Amino acid sequence: MPLRNSFFAAALFAGSVAVPGQTTPSAEPPPIKPGDNLVVEGVPPVPASLADEVWRYTEFRSASFSSWHPTRHEMMISTRLGNVAQAYLVRMPGGARTQVTFYPERVTGARFQPKTGDSFLFSKDIGGNERFQIYRYDFADGSVTLLTDGRSRNTGAKWSRDGQWIAYGSTRRTGDDIDIYIVGARNPKTDRRVLELSGGGWQVADWSPDDTKLLVFERISLNETYLWLADVATGAKTVLTPKGKEPVAYGDAAFSHDGKGLYLTTDAGSEFRRLAYMDLATKKTEFLTPDTAEVEEFDLSEDGSKIVYVTNEKGVSVVRLFETATRRELTGPKLPLGEVSGATWHKNGGAIAFTMGTPRSADDAWSWDWKTGKLDRWTTSEVGGLNPETFAEAELVTWKSFDGREISCFLYKPSPAKFPGRRPVVIDIHGGPEGQSAAEFIGRDNYFPNEMGVAMLFPNVRGSTGYGKTFSKLDNGMLRDGTYKDIGALLDWIATRAYLYASRIMAQGGSYGGHMTLAVAYLYSDRIRCAIDVVGPSNFVTFLQNTSGYRRHLRRVEYGDEREPAMRAYFEKTAPLNNAAKIRKPLFIIQGGNDPRVPLSESEQMLGKIRSLGTPVWYLMAKDEGHGFAKRSNRDFEFFSSILFMREFLLQKP
């Protein structure tokens with residue numbers, strides 16, 4: 001078995017087929033050859049034996065719910081059985097996953113036609129460039145029709161209630177601004193612009209019950225959003241939430257069953273986003289849930305009588321049920337501690353589907369029938385034949401930061417029976433920055449606590465979501481370095497734990513987490529062993545100048561505006577690029593060549609500076625990836641290389 005897997009690994013990355021008999025069982029197979037799509041610098045050869053050791057952890061899969069069939073108890077899901085995620089049909093709980101799309105690129109957003117289910121929409125980009133195109137797949141003959149222009153970025157496709165039209169946002173006109181378009185589901189030539197808009201934060205939220213109006217979001221920042229009502233025929237739009245003294249954020253929003261009001265989530269007058277109802281005639285808003293936890297999402301039943309919603313309670317999801325007529329909460333499902341998303345009613349009004357993952361269970365598609373209380377698991381994603389009961393549970397831990405504020409994280413601890421004594425530590429910092437680490441399945445990262453004896457810490461530093469709007473604003477603009485100090489306080493906390501090795505710490509993170517990793521690498525170089533930066537901005541000035549135009553304004557609101565002299569000076573002072581001389585520990589930089597969010601130049605300039613200083617640096621760039629690696633072959637090589645990096649720089653004794 002190990003020999004076969006070594007041949008498989010070598011063939012997978014070299015693009016060739018191993019022929020039995022070309023080597024002897026005692027011979028060591030050649031190192032894994034990276035594909036021509038990968039730029040690999042400084043990384044030592046990856047031995048085929050490493051793939052043999054870790055291969056089961058690369059076989060982990062996950063599945064997510066995409067859409068209910070409108071007339072049958074069937075669902076569309078997204079999962080990866082090959083190199084990238086595709087759309088699959090599942091006809092019953094635990095049933096076979098029937099693949100429907102077959103592309104070399106990932107497929108996302110599969111949504112059944114809402115009346116007949118005879119077709120579905122999906123989105124696809126090329127090489128991670130995020131210039132998504134919208135397609136219609138017809139079950140009758142398997143044909144696929146392109147509905148968008150094939151060049152611009154097209155997002156947020158929403159079926160009309162009658163299933164005849166699709167509304168979506170597109171950067172087609174300027175490349176930066178997102179306008180709202182509609183197109184006939186059966187005729188791409190009917191495509192027309194409904195709203196010409198300014199800015200990159202526009203998105204369709206819902207169609208009115210009679211399909212004559214659109215509910216549209218305008219997002220200025222995480223903490224400031226506006227809702228607009230637009231006439232489909234004329235394009236006339238009216239703001240429903242005018243600007244007040246304090247910015248207000250709105251999350252989900254949908255028309256009520258009778259079209260006379262809206263259900264929405266908002267933090268108006270609150271710390272958390274609450275579920276609320278707005279009367280369209282009076283614009284009066286009624287709050288339906290308490291100001292105690294973030295309502296992350298909701299969905300209204302077909303008859304408008306009930307709402308399913310998901311609250312975020314310190315990184316744990318709770319699914320709740322609400323009756324609209326009586327304004328009372330009903331009994332929801334009892335679920336294990338974990339993360340839930342995509343809760344959606346079936347049109348029959350009984351079943352609710354969602355995606356759920358726990359620390360010991362990969363993301364899978366589930367449904368719960370509120371009438372019978374029956375909980376069904378539609379998919380059971382594979383974990384390489386391993387026993388998931390051996391995976392570490394998520395333990396919530398807290399510490400006090402520099403200003404006395406309590407910061408929390410989830411700890412995944414190796415088994416003390418298998419790995420006694422102090423353990424090395426990886427601090428894994430989430431992206432966003434409007435993100436949150438939750439009690440979730442960490443996938444192939446289970447290899448680190450399970451097989452390497454490395455403790456994993458997933459902190460939620462200031463600026464993370466799920467802890468109220470005050471907390472989420474604590475990293476804005478020139479408050480950014482407070483997040484770096486949160487990690488410094490975490491390093492202090494680690495030093496007080498008898499089971500953690502304070503002299504063996506690695507920082508890692510992706511996107512904004514990659515930036516945080518670079519900041520930690522220069523601020524606390526004497527307190528960490530090494531760092532892995534994945535698609536992280538190295539200087540916010542150059543990042544904001546070069547990120548895609550449709551994102552630039554939103555990012556300036558969060559990070560600060562580099563065109564303002566004081567803000568620019570702060571960016572230059574704190575930029576990891578300008579502090580690279582302080583990075584004295586090995587660094588691994590990982591980047592996608594087509595990244596539209598954090599462009600390749602951010603990693604290249606950091607790589608060049610670190611090299612010029614003589615600090616050890618590894619570099620991995622995938623020409624066919626964007627903001628993170630989506631293709632299985634690329635992810636595997638990244639995983640193998642990261643393990644080598646950790647073995648050499650984290651696990652070795654001083």
# chains A, B, ... in the order shown; residues from 1 in each chain; ligands from 1
$ select_by_dssp --residues "range 405-475 of chain A" --states "helix (DSSP H, G or I)" --output "ChimeraX atom specification"
/A:443-451,469-472
$ write_last_selection --atoms "C-alpha atoms" --output "compact mmCIF listing (two decimals), in the first residue's frame"
# COMPACT_ATOMS: atom_id res chain seq x y z
CA GLY A 443 -9.91 19.38 8.03
CA ARG A 444 -6.44 18.20 7.10
CA ASP A 445 -5.04 20.42 9.85
CA ASN A 446 -6.07 17.59 12.19
CA TYR A 447 -2.76 16.03 11.13
CA PHE A 448 -0.87 18.56 13.25
CA PRO A 449 -2.36 17.66 16.68
CA ASN A 450 -3.04 14.02 15.79
CA GLU A 451 0.27 13.00 14.23
CA LYS A 469 -20.19 45.97 16.70
CA THR A 470 -18.05 47.74 19.30
CA PHE A 471 -15.56 44.85 19.26
CA SER A 472 -15.62 44.67 15.45
$ closest_residue --among "A:Val454, A:Leu479, A:Val204, A:Ala362" --to "Leu500 in chain A" --atoms "only C-alpha atoms"
A:Val454
$ residues_around --residues "range 138-149 of chain A" --least-positions-apart "2" --cutoff "7 Å" --atoms "only C-alpha atoms" --output "ChimeraX atom specification"
/A:118-120,133-136,151-152,188
$ closest_residue --among "A:Gly384, A:Gly150, A:Pro336, A:Gly466" --to "Phe272 in chain A" --atoms "only C-alpha atoms"
A:Gly466
$ atom_distance --atom1 "CA of Thr234 in chain A" --atom2 "CA of Phe112 in chain A"
27.9 Å
$ residues_around --residues "Lys582 in chain A" --least-positions-apart "5" --cutoff "12 Å" --atoms "only C-alpha atoms" --output "list in words"
Leu518, Ala519, Val520, Ala521, Tyr522, Leu523, Tyr524, Ser525, Asp526, Thr574, Ala575, Pro576, Leu577, Lys609, Ile610, Leu613, Gly614 and Thr615 of chain A
$ closest_atom_pairs --of "range 117-222 of chain A" --to "range 273-289 of chain A" --cutoff "12 Å" --atoms "only C-alpha atoms" --output "CSV"
residue,atom,partner,partner_atom,distance
A:Ser208,CA,A:Leu280,CA,12.0
A:Leu215,CA,A:Leu280,CA,11.7
A:Leu222,CA,A:Arg273,CA,11.5
$ residues_around --residues "Trp493 in chain A" --least-positions-apart "6" --cutoff "12 Å" --atoms "only C-alpha atoms" --output "ChimeraX atom specification"
/A:397-402,406-409,457,486-487,499-502
$ write_last_selection --atoms "N, CA and C atoms" --output "compact mmCIF listing (two decimals), in the first residue's frame"
# COMPACT_ATOMS: atom_id res chain seq x y z
N VAL A 397 -10.85 29.08 25.10
CA VAL A 397 -9.98 29.65 26.12
C VAL A 397 -9.93 31.16 25.96
N THR A 398 -9.64 31.88 27.04
CA THR A 398 -9.59 33.34 27.01
C THR A 398 -8.34 33.85 27.69
N TRP A 399 -7.96 35.08 27.36
CA TRP A 399 -6.85 35.75 28.02
C TRP A 399 -7.11 37.26 28.01
N LYS A 400 -6.42 37.97 28.86
CA LYS A 400 -6.54 39.42 28.94
C LYS A 400 -5.46 40.07 28.06
N SER A 401 -5.89 41.03 27.25
CA SER A 401 -4.97 41.71 26.37
C SER A 401 -4.37 42.93 27.05
N PHE A 402 -3.62 43.72 26.30
CA PHE A 402 -2.86 44.85 26.85
C PHE A 402 -3.74 45.89 27.54
N GLU A 406 -10.94 41.14 27.30
CA GLU A 406 -10.86 39.68 27.18
C GLU A 406 -10.92 39.28 25.71
N ILE A 407 -9.97 38.48 25.30
CA ILE A 407 -9.88 37.93 23.95
C ILE A 407 -9.99 36.41 24.06
N SER A 408 -10.58 35.80 23.06
CA SER A 408 -10.81 34.36 23.13
C SER A 408 -10.25 33.64 21.90
N CYS A 409 -10.09 32.35 22.05
CA CYS A 409 -9.70 31.53 20.90
C CYS A 409 -10.14 30.09 21.16
N LEU A 457 -4.07 26.85 17.91
CA LEU A 457 -4.83 27.94 18.53
C LEU A 457 -5.41 28.82 17.43
N ASP A 486 -2.89 41.98 20.68
CA ASP A 486 -3.69 40.84 21.17
C ASP A 486 -2.90 39.54 21.03
N ILE A 487 -2.17 39.41 19.92
CA ILE A 487 -1.35 38.21 19.72
C ILE A 487 -0.16 38.23 20.68
N TYR A 499 1.28 22.91 29.56
CA TYR A 499 1.23 21.92 28.49
C TYR A 499 1.64 22.50 27.13
N LEU A 500 2.01 23.80 27.08
CA LEU A 500 2.40 24.43 25.82
C LEU A 500 3.85 24.87 25.87
N TYR A 501 4.51 24.77 24.71
CA TYR A 501 5.93 25.06 24.60
C TYR A 501 6.11 26.50 24.12
N ALA A 502 6.40 27.41 25.02
CA ALA A 502 6.49 28.83 24.67
C ALA A 502 7.67 29.14 23.75
$ atom_distance --atom1 "CA of Phe441 in chain A" --atom2 "CA of Glu297 in chain A"
20.3 Å
$ residues_around --residues "Ser341 in chain A" --least-positions-apart "4" --cutoff "7 Å" --atoms "only C-alpha atoms" --output "PyMOL selection string"
chain A and resi 354-356
$ write_last_selection --atoms "N, CA and C atoms" --output "compact mmCIF listing (two decimals), in the first residue's frame"
# COMPACT_ATOMS: atom_id res chain seq x y z
N PHE A 354 -29.47 22.63 5.85
CA PHE A 354 -28.35 23.48 6.24
C PHE A 354 -27.06 22.70 6.11
N THR A 355 -25.96 23.41 6.16
CA THR A 355 -24.63 22.81 6.22
C THR A 355 -24.15 22.87 7.66
N MET A 356 -23.62 21.76 8.16
CA MET A 356 -23.14 21.73 9.54
C MET A 356 -21.82 20.98 9.62
$ residues_around --residues "Ile442 in chain A" --least-positions-apart "2" --cutoff "12 Å" --atoms "only C-alpha atoms" --output "PyMOL selection string"
chain A and resi 57+60-62+338-339+357-363+383+388+391-394+410-412+428+437-440+444-450+456-458
$ write_last_selection --atoms "C-alpha atoms" --output "short mmCIF file (atom, residue, chain, number, x, y, z; two decimals), in the first residue's frame"
data_model
loop_
_atom_site.label_atom_id
_atom_site.label_comp_id
_atom_site.auth_asym_id
_atom_site.auth_seq_id
_atom_site.Cartn_x
_atom_site.Cartn_y
_atom_site.Cartn_z
CA TYR A 57 -5.40 13.45 5.73
CA PHE A 60 -10.72 14.50 3.66
CA ARG A 61 -13.80 15.85 1.91
CA SER A 62 -16.68 18.10 2.83
CA GLY A 338 -20.35 23.37 15.76
CA GLU A 339 -20.94 25.73 12.85
CA GLY A 357 -19.63 20.90 10.68
CA THR A 358 -18.25 20.10 14.13
CA PRO A 359 -14.69 19.60 15.37
CA ARG A 360 -15.10 15.86 14.81
CA SER A 361 -17.30 15.92 11.72
CA ALA A 362 -16.62 17.50 8.33
CA ASP A 363 -19.10 19.95 6.84
CA VAL A 383 -12.08 11.46 6.44
CA PRO A 388 -13.03 11.10 13.75
CA PHE A 391 -9.71 14.29 16.42
CA ALA A 392 -9.19 17.03 18.98
CA GLU A 393 -12.25 18.82 20.32
CA ALA A 394 -12.43 22.62 20.27
CA PHE A 410 -10.40 27.88 20.21
CA LEU A 411 -7.71 25.40 21.24
CA TYR A 412 -7.28 22.00 19.55
CA ASP A 428 -3.66 30.25 13.10
CA SER A 437 -12.77 31.36 14.09
CA ALA A 438 -15.51 29.02 15.27
CA ALA A 439 -15.81 25.58 16.86
CA GLU A 440 -15.47 23.88 13.52
CA ARG A 444 -6.44 18.20 7.10
CA ASP A 445 -5.04 20.42 9.85
CA ASN A 446 -6.07 17.59 12.19
CA TYR A 447 -2.76 16.03 11.13
CA PHE A 448 -0.87 18.56 13.25
CA PRO A 449 -2.36 17.66 16.68
CA ASN A 450 -3.04 14.02 15.79
CA MET A 456 -3.56 24.56 17.32
CA LEU A 457 -4.83 27.94 18.53
CA PHE A 458 -7.42 29.88 16.51
#
$ select_by_dssp --residues "range 108-231 of chain A" --states "strand (DSSP E)" --output "VMD selection string"
chain A and resid 108 to 112 119 to 124 133 to 138 144 to 146 154 to 159 165 to 170 179 to 184 187 to 195 202 to 207 213 to 221 224 to 231
$ closest_residue --among "A:Ala531, A:Val598, A:Leu554, A:Ala351" --to "Tyr512 in chain A" --atoms "only C-alpha atoms"
A:Val598
$ atom_distance --atom1 "CA of Tyr103 in chain A" --atom2 "CA of Ser367 in chain A"
28.0 Å
$ closest_atom_pairs --of "range 339-369 of chain A" --to "range 70-74 of chain A" --cutoff "10 Å" --atoms "only C-alpha atoms" --output "CSV"
residue,atom,partner,partner_atom,distance
A:His346,CA,A:Pro70,CA,7.0
A:Lys347,CA,A:Pro70,CA,5.9
A:Asn348,CA,A:Thr71,CA,7.9
A:Ala351,CA,A:His73,CA,8.9
